Amino acid sequence: MVRRHLGLLVLLAAMLNVVGIGCVRAADAPLQRYEFVAPHMGTLFKIVLYAAEAAPAQAAADRAFARIGALDRAMSDYDPDSELSRLCRQPPGRPTPVSVDLLAVLQRSQRIAALSEGAFDITLGPSVRLWRQSRRTLRLPSPQARAAAARAVGADKLRLDAVARTAILAVAGMQLDLGGIGKGYAADQGLAVLRDAGFARAMVAASGDLALGAPPPGAAGWRVEIAPFADDARVPEILTVAHAGVSTSAGSEQFVQIGGRRYSHIVDPKTGLGLTRAAGVTVIAEDATSSDALATAASVLERDRVRRLVARLDAPVRMIVQQRDAAGVVRSEVFGTAPPGLVTVVPVGSTYQNKKRTG
Ligand code: AMP
Ligand code: MG
């Protein structure tokens, strides 16, 4: 238990290790680095921005956190009063008006569900709830309970009308879960607030999901260390990135052990259970909404289907997948091509000679 939490902390610390690089040019010298942190969506959101004075920087960060807080209240599946929860309580088949934000996230989710052949699926809510229970009780759900949950799952059962701005849940018992995309969307929206307030050199981090704006003064980009896949692995790459989203799916760290098998918090739509194939996936995409959802999707998929997913996307995306091979060696494999915002990649070591842990 302690070890699991320690592993997670190490991972979060690694993901948050995002700092400006390069030296400060004379023209940019008056700009200072400001950092703000606030709890939202069950994690800590961090804002870094460069500004000439503290007061406007603080005011912009407050506005960005207010926007993130509002999105949290709209999209939470824990809060029975959230817009999402109210939508899920509507009778099946009834067109229900949804906010611009919720519609945007639902549309993006549906698109990635289609492109990922259902690996990413926000309608998995009933299975995710059942799986959360199993993670607490350390007992697998019964086949009956899994089958009942599966009857209320399926991207085809969520119907969106972008013109009327409505959503329909086609069958009873449906539950939408935005846990795999919401933090990325909120980070993007927070970054947009900062940019609109005149602070383009900014970034918003929501644990493993980063929305990166214009680089720090005098730097080509933000320095991002890819979190190592396991306690005994090292950082595989150090990236320099601007104007992009970077997400790491923490699937390999948030595992539970049941009956001698390790299961992730990401649910495999085929089984309704947590993934047993552990992989660490980092995605660099045009924004954090895409990188968040794609990192979750790629965690579910076998490598051929990861390749197919990347080929189908209309914007360049780079994915790095860390996994142990049969001999217990951690290997990193890269899919896709670098988006324009990825300035440099410094490989620290893509293959490790660490042996599989026993027990
Ligand atoms: P992330 O940490 O971004 O990979 O997202 C994981 C979260 O997304 C889980 O805690 C669930 O709330 C939700 N989720 C789990 N499995 C899936 C899936 N296959 N597709 C979409 N969302 C999922
Ligand atoms: Mg995600």
# chains A, B, ... in the order shown; residues from 1 in each chain; ligands from 1
>>> residues_near_ligand(ligand="ligand 2", cutoff="12 Å", atoms="only C-alpha atoms and all ligand atoms", output="ChimeraX atom specification")
/A:109,112,119-122,177-185,206-210,245-251,265-267,280-283,288-300
>>> select_by_dssp(residues="range 112-183 of chain A", states="alpha helix (DSSP H)", output="ChimeraX atom specification")
/A:112-115,125-137,143-151,182-183
>>> write_last_selection(atoms="N, CA, C and O atoms", output="short mmCIF file (atom, residue, chain, number, x, y, z; two decimals), in the first residue's frame")
data_model
loop_
_atom_site.label_atom_id
_atom_site.label_comp_id
_atom_site.auth_asym_id
_atom_site.auth_seq_id
_atom_site.Cartn_x
_atom_site.Cartn_y
_atom_site.Cartn_z
N ILE A 112 -12.66 10.29 -30.33
CA ILE A 112 -11.52 9.44 -29.96
C ILE A 112 -12.00 8.00 -29.70
O ILE A 112 -11.29 7.05 -29.97
N ALA A 113 -13.24 7.85 -29.26
CA ALA A 113 -13.80 6.49 -29.14
C ALA A 113 -13.82 5.81 -30.51
O ALA A 113 -13.41 4.65 -30.64
N ALA A 114 -14.26 6.56 -31.53
CA ALA A 114 -14.33 5.98 -32.88
C ALA A 114 -12.92 5.68 -33.41
O ALA A 114 -12.66 4.58 -33.92
N LEU A 115 -12.00 6.64 -33.25
CA LEU A 115 -10.65 6.45 -33.80
C LEU A 115 -9.88 5.34 -33.08
O LEU A 115 -9.02 4.69 -33.67
N GLY A 125 -18.82 4.37 -17.79
CA GLY A 125 -19.11 4.73 -16.39
C GLY A 125 -19.59 3.58 -15.51
O GLY A 125 -19.04 3.37 -14.42
N PRO A 126 -20.62 2.80 -15.91
CA PRO A 126 -21.09 1.71 -15.04
C PRO A 126 -19.99 0.69 -14.73
O PRO A 126 -19.87 0.22 -13.60
N SER A 127 -19.15 0.39 -15.72
CA SER A 127 -18.05 -0.56 -15.50
C SER A 127 -16.97 0.08 -14.63
O SER A 127 -16.38 -0.60 -13.77
N VAL A 128 -16.71 1.37 -14.84
CA VAL A 128 -15.69 2.06 -14.03
C VAL A 128 -16.13 2.09 -12.57
O VAL A 128 -15.33 1.85 -11.66
N ARG A 129 -17.44 2.32 -12.34
CA ARG A 129 -17.94 2.35 -10.95
C ARG A 129 -17.78 0.99 -10.28
O ARG A 129 -17.38 0.90 -9.12
N LEU A 130 -18.13 -0.03 -11.03
CA LEU A 130 -18.01 -1.39 -10.51
C LEU A 130 -16.53 -1.69 -10.20
O LEU A 130 -16.20 -2.30 -9.17
N TRP A 131 -15.67 -1.23 -11.11
CA TRP A 131 -14.25 -1.49 -10.94
C TRP A 131 -13.67 -0.71 -9.76
O TRP A 131 -12.82 -1.21 -9.03
N ARG A 132 -14.16 0.49 -9.54
CA ARG A 132 -13.73 1.28 -8.37
C ARG A 132 -14.05 0.53 -7.08
O ARG A 132 -13.27 0.51 -6.14
N GLN A 133 -15.23 -0.11 -7.07
CA GLN A 133 -15.64 -0.91 -5.90
C GLN A 133 -14.65 -2.06 -5.69
O GLN A 133 -14.23 -2.33 -4.58
N SER A 134 -14.28 -2.71 -6.80
CA SER A 134 -13.34 -3.83 -6.70
C SER A 134 -11.98 -3.38 -6.20
O SER A 134 -11.31 -4.10 -5.46
N ARG A 135 -11.59 -2.18 -6.60
CA ARG A 135 -10.28 -1.67 -6.14
C ARG A 135 -10.30 -1.42 -4.64
O ARG A 135 -9.29 -1.52 -3.98
N ARG A 136 -11.50 -1.08 -4.13
CA ARG A 136 -11.61 -0.87 -2.67
C ARG A 136 -11.68 -2.19 -1.92
O ARG A 136 -11.05 -2.37 -0.89
N THR A 137 -12.49 -3.12 -2.44
CA THR A 137 -12.74 -4.37 -1.71
C THR A 137 -11.72 -5.46 -2.05
O THR A 137 -11.67 -6.49 -1.37
N PRO A 143 -19.60 -12.04 -12.62
CA PRO A 143 -19.92 -11.98 -14.05
C PRO A 143 -21.28 -11.34 -14.30
O PRO A 143 -21.46 -10.61 -15.28
N GLN A 144 -22.25 -11.58 -13.38
CA GLN A 144 -23.59 -10.98 -13.55
C GLN A 144 -23.51 -9.46 -13.47
O GLN A 144 -24.12 -8.75 -14.28
N ALA A 145 -22.76 -8.97 -12.46
CA ALA A 145 -22.65 -7.52 -12.29
C ALA A 145 -21.95 -6.89 -13.49
O ALA A 145 -22.33 -5.82 -13.97
N ARG A 146 -20.92 -7.60 -14.01
CA ARG A 146 -20.20 -7.08 -15.18
C ARG A 146 -21.12 -7.03 -16.39
O ARG A 146 -21.09 -6.07 -17.17
N ALA A 147 -21.92 -8.07 -16.55
CA ALA A 147 -22.83 -8.12 -17.71
C ALA A 147 -23.88 -7.03 -17.60
O ALA A 147 -24.23 -6.37 -18.59
N ALA A 148 -24.38 -6.79 -16.39
CA ALA A 148 -25.40 -5.75 -16.20
C ALA A 148 -24.80 -4.38 -16.52
O ALA A 148 -25.45 -3.56 -17.20
N ALA A 149 -23.57 -4.14 -16.08
CA ALA A 149 -22.91 -2.85 -16.37
C ALA A 149 -22.73 -2.71 -17.88
O ALA A 149 -23.01 -1.65 -18.45
N ALA A 150 -22.31 -3.80 -18.54
CA ALA A 150 -22.01 -3.74 -19.97
C ALA A 150 -23.24 -3.40 -20.81
O ALA A 150 -23.12 -2.80 -21.87
N ARG A 151 -24.42 -3.75 -20.30
CA ARG A 151 -25.65 -3.44 -21.05
C ARG A 151 -25.90 -1.94 -21.15
O ARG A 151 -26.61 -1.48 -22.03
N GLY A 182 -11.14 14.89 -18.86
CA GLY A 182 -11.55 16.16 -18.23
C GLY A 182 -10.39 17.03 -17.75
O GLY A 182 -10.43 18.25 -17.88
N LYS A 183 -9.35 16.40 -17.20
CA LYS A 183 -8.24 17.19 -16.68
C LYS A 183 -7.50 17.89 -17.83
O LYS A 183 -7.09 19.04 -17.69
#
>>> residues_around(residues="Gly198 in chain A", least_positions_apart="2", cutoff="12 Å", atoms="only C-alpha atoms", output="ChimeraX atom specification")
/A:49-52,56-57,59-61,191-196,200-202,213-214
>>> select_by_dssp(residues="range 86-305 of chain A", states="strand (DSSP E)", output="MDAnalysis selection string")
chainID A and resid 96:97 158:161 166:169 202:206 209:212 222:225 237:241 244:249 256:258 261:263 267:268 273:274 280:285
>>> write_last_selection(atoms="N, CA and C atoms", output="CSV table (one decimal), in the first residue's frame")
chain,number,residue,atom,x,y,z
A,96,THR,N,-31.4,16.3,-24.1
A,96,THR,CA,-31.2,17.2,-23.0
A,96,THR,C,-30.2,18.3,-23.4
A,97,PRO,N,-30.5,19.6,-23.2
A,97,PRO,CA,-29.6,20.6,-23.5
A,97,PRO,C,-28.3,20.5,-22.7
A,158,LEU,N,-24.7,7.0,-26.8
A,158,LEU,CA,-24.6,8.4,-26.5
A,158,LEU,C,-24.8,9.1,-27.8
A,159,ARG,N,-25.8,9.9,-28.0
A,159,ARG,CA,-26.1,10.6,-29.2
A,159,ARG,C,-26.0,12.1,-29.0
A,160,LEU,N,-25.3,12.8,-29.9
A,160,LEU,CA,-25.1,14.2,-29.7
A,160,LEU,C,-25.6,15.0,-30.9
A,161,ASP,N,-26.3,16.1,-30.6
A,161,ASP,CA,-26.7,17.0,-31.7
A,161,ASP,C,-26.0,18.3,-31.5
A,166,THR,N,-27.7,19.3,-27.8
A,166,THR,CA,-28.3,18.4,-26.9
A,166,THR,C,-27.6,17.0,-26.9
A,167,ALA,N,-27.8,16.3,-25.8
A,167,ALA,CA,-27.3,14.9,-25.8
A,167,ALA,C,-28.4,14.0,-25.4
A,168,ILE,N,-28.4,12.8,-25.9
A,168,ILE,CA,-29.4,11.7,-25.6
A,168,ILE,C,-28.6,10.5,-25.1
A,169,LEU,N,-29.0,10.0,-23.9
A,169,LEU,CA,-28.5,8.7,-23.5
A,169,LEU,C,-29.6,7.7,-23.8
A,202,ALA,N,3.0,30.6,-20.5
A,202,ALA,CA,2.4,30.0,-19.4
A,202,ALA,C,2.2,28.5,-19.6
A,203,MET,N,2.0,27.8,-18.5
A,203,MET,CA,1.6,26.4,-18.7
A,203,MET,C,0.7,26.0,-17.5
A,204,VAL,N,-0.2,25.0,-17.7
A,204,VAL,CA,-1.1,24.5,-16.7
A,204,VAL,C,-0.8,23.0,-16.6
A,205,ALA,N,-0.6,22.5,-15.4
A,205,ALA,CA,-0.3,21.1,-15.2
A,205,ALA,C,-1.4,20.5,-14.2
A,206,ALA,N,-2.0,19.4,-14.6
A,206,ALA,CA,-2.9,18.7,-13.8
A,206,ALA,C,-2.4,17.3,-13.6
A,209,ASP,N,-1.2,15.6,-16.8
A,209,ASP,CA,-1.7,16.3,-18.0
A,209,ASP,C,-1.2,17.7,-18.0
A,210,LEU,N,-0.4,18.1,-19.1
A,210,LEU,CA,0.2,19.4,-19.2
A,210,LEU,C,-0.4,20.2,-20.4
A,211,ALA,N,-0.8,21.4,-20.2
A,211,ALA,CA,-1.1,22.3,-21.3
A,211,ALA,C,0.0,23.3,-21.4
A,212,LEU,N,0.8,23.3,-22.5
A,212,LEU,CA,1.9,24.2,-22.5
A,212,LEU,C,1.7,25.3,-23.6
A,222,TRP,N,9.2,24.4,-22.9
A,222,TRP,CA,9.2,23.9,-21.5
A,222,TRP,C,9.9,22.6,-21.5
A,223,ARG,N,10.6,22.4,-20.4
A,223,ARG,CA,11.3,21.1,-20.3
A,223,ARG,C,10.4,20.1,-19.6
A,224,VAL,N,10.2,19.0,-20.2
A,224,VAL,CA,9.3,18.0,-19.6
A,224,VAL,C,10.0,16.7,-19.5
A,225,GLU,N,10.2,16.2,-18.3
A,225,GLU,CA,10.7,14.8,-18.1
A,225,GLU,C,9.6,13.8,-18.2
A,237,GLU,N,13.1,9.9,-21.6
A,237,GLU,CA,13.4,11.1,-22.5
A,237,GLU,C,13.1,12.4,-21.8
A,238,ILE,N,13.9,13.4,-22.2
A,238,ILE,CA,13.5,14.8,-21.7
A,238,ILE,C,13.1,15.6,-23.0
A,239,LEU,N,12.0,16.2,-22.9
A,239,LEU,CA,11.4,16.9,-24.1
A,239,LEU,C,11.5,18.4,-23.8
A,240,THR,N,11.6,19.1,-24.9
A,240,THR,CA,11.4,20.6,-24.9
A,240,THR,C,10.2,20.8,-25.8
A,241,VAL,N,9.1,21.4,-25.2
A,241,VAL,CA,7.8,21.5,-25.9
A,241,VAL,C,7.2,22.9,-25.6
A,244,ALA,N,1.5,22.9,-27.0
A,244,ALA,CA,1.1,21.5,-27.1
A,244,ALA,C,0.6,21.0,-25.8
A,245,GLY,N,0.0,19.8,-25.9
A,245,GLY,CA,-0.4,19.1,-24.7
A,245,GLY,C,0.5,17.9,-24.5
A,246,VAL,N,0.9,17.6,-23.3
A,246,VAL,CA,1.6,16.4,-23.0
A,246,VAL,C,0.9,15.6,-21.8
A,247,SER,N,0.6,14.4,-22.0
A,247,SER,CA,0.0,13.6,-21.0
A,247,SER,C,0.7,12.3,-20.8
A,248,THR,N,0.7,11.9,-19.5
A,248,THR,CA,1.2,10.5,-19.2
A,248,THR,C,0.1,9.8,-18.5
A,249,SER,N,-0.2,8.6,-18.9
A,249,SER,CA,-1.2,7.8,-18.3
A,249,SER,C,-0.6,7.0,-17.2
A,256,VAL,N,-3.9,-2.3,-8.6
A,256,VAL,CA,-4.3,-3.1,-7.4
A,256,VAL,C,-3.9,-4.6,-7.7
A,257,GLN,N,-3.7,-5.3,-6.6
A,257,GLN,CA,-3.4,-6.7,-6.8
A,257,GLN,C,-4.5,-7.6,-6.3
A,258,ILE,N,-5.1,-8.3,-7.2
A,258,ILE,CA,-6.3,-9.2,-6.8
A,258,ILE,C,-6.0,-10.6,-7.3
A,261,ARG,N,-2.9,-11.1,-9.6
A,261,ARG,CA,-2.8,-10.3,-10.8
A,261,ARG,C,-2.8,-8.9,-10.5
A,262,ARG,N,-2.1,-8.1,-11.3
A,262,ARG,CA,-2.1,-6.6,-11.1
A,262,ARG,C,-3.1,-6.0,-12.1
A,263,TYR,N,-3.9,-5.2,-11.6
A,263,TYR,CA,-4.9,-4.5,-12.5
A,263,TYR,C,-4.7,-3.0,-12.4
A,267,VAL,N,-10.0,0.9,-17.4
A,267,VAL,CA,-10.8,-0.3,-17.6
A,267,VAL,C,-10.7,-0.7,-19.1
A,268,ASP,N,-10.5,-2.0,-19.3
A,268,ASP,CA,-10.5,-2.6,-20.6
A,268,ASP,C,-12.0,-2.8,-21.0
A,273,LEU,N,-13.0,-5.0,-16.7
A,273,LEU,CA,-12.0,-5.1,-15.6
A,273,LEU,C,-10.9,-4.1,-15.9
A,274,GLY,N,-10.1,-3.9,-14.8
A,274,GLY,CA,-8.9,-3.0,-15.0
A,274,GLY,C,-7.9,-3.8,-15.9
A,280,GLY,N,3.3,2.3,-19.6
A,280,GLY,CA,3.3,3.7,-19.3
A,280,GLY,C,3.3,4.4,-20.7
A,281,VAL,N,2.3,5.3,-20.9
A,281,VAL,CA,2.1,5.9,-22.2
A,281,VAL,C,2.2,7.4,-22.0
A,282,THR,N,3.1,8.1,-22.8
A,282,THR,CA,3.2,9.5,-22.8
A,282,THR,C,2.8,10.0,-24.2
A,283,VAL,N,1.9,11.0,-24.3
A,283,VAL,CA,1.5,11.5,-25.6
A,283,VAL,C,1.8,13.0,-25.7
A,284,ILE,N,2.3,13.4,-26.9
A,284,ILE,CA,2.5,14.8,-27.2
A,284,ILE,C,1.6,15.1,-28.3
A,285,ALA,N,0.6,16.0,-28.1
A,285,ALA,CA,-0.4,16.3,-29.1
A,285,ALA,C,-0.6,17.8,-29.2
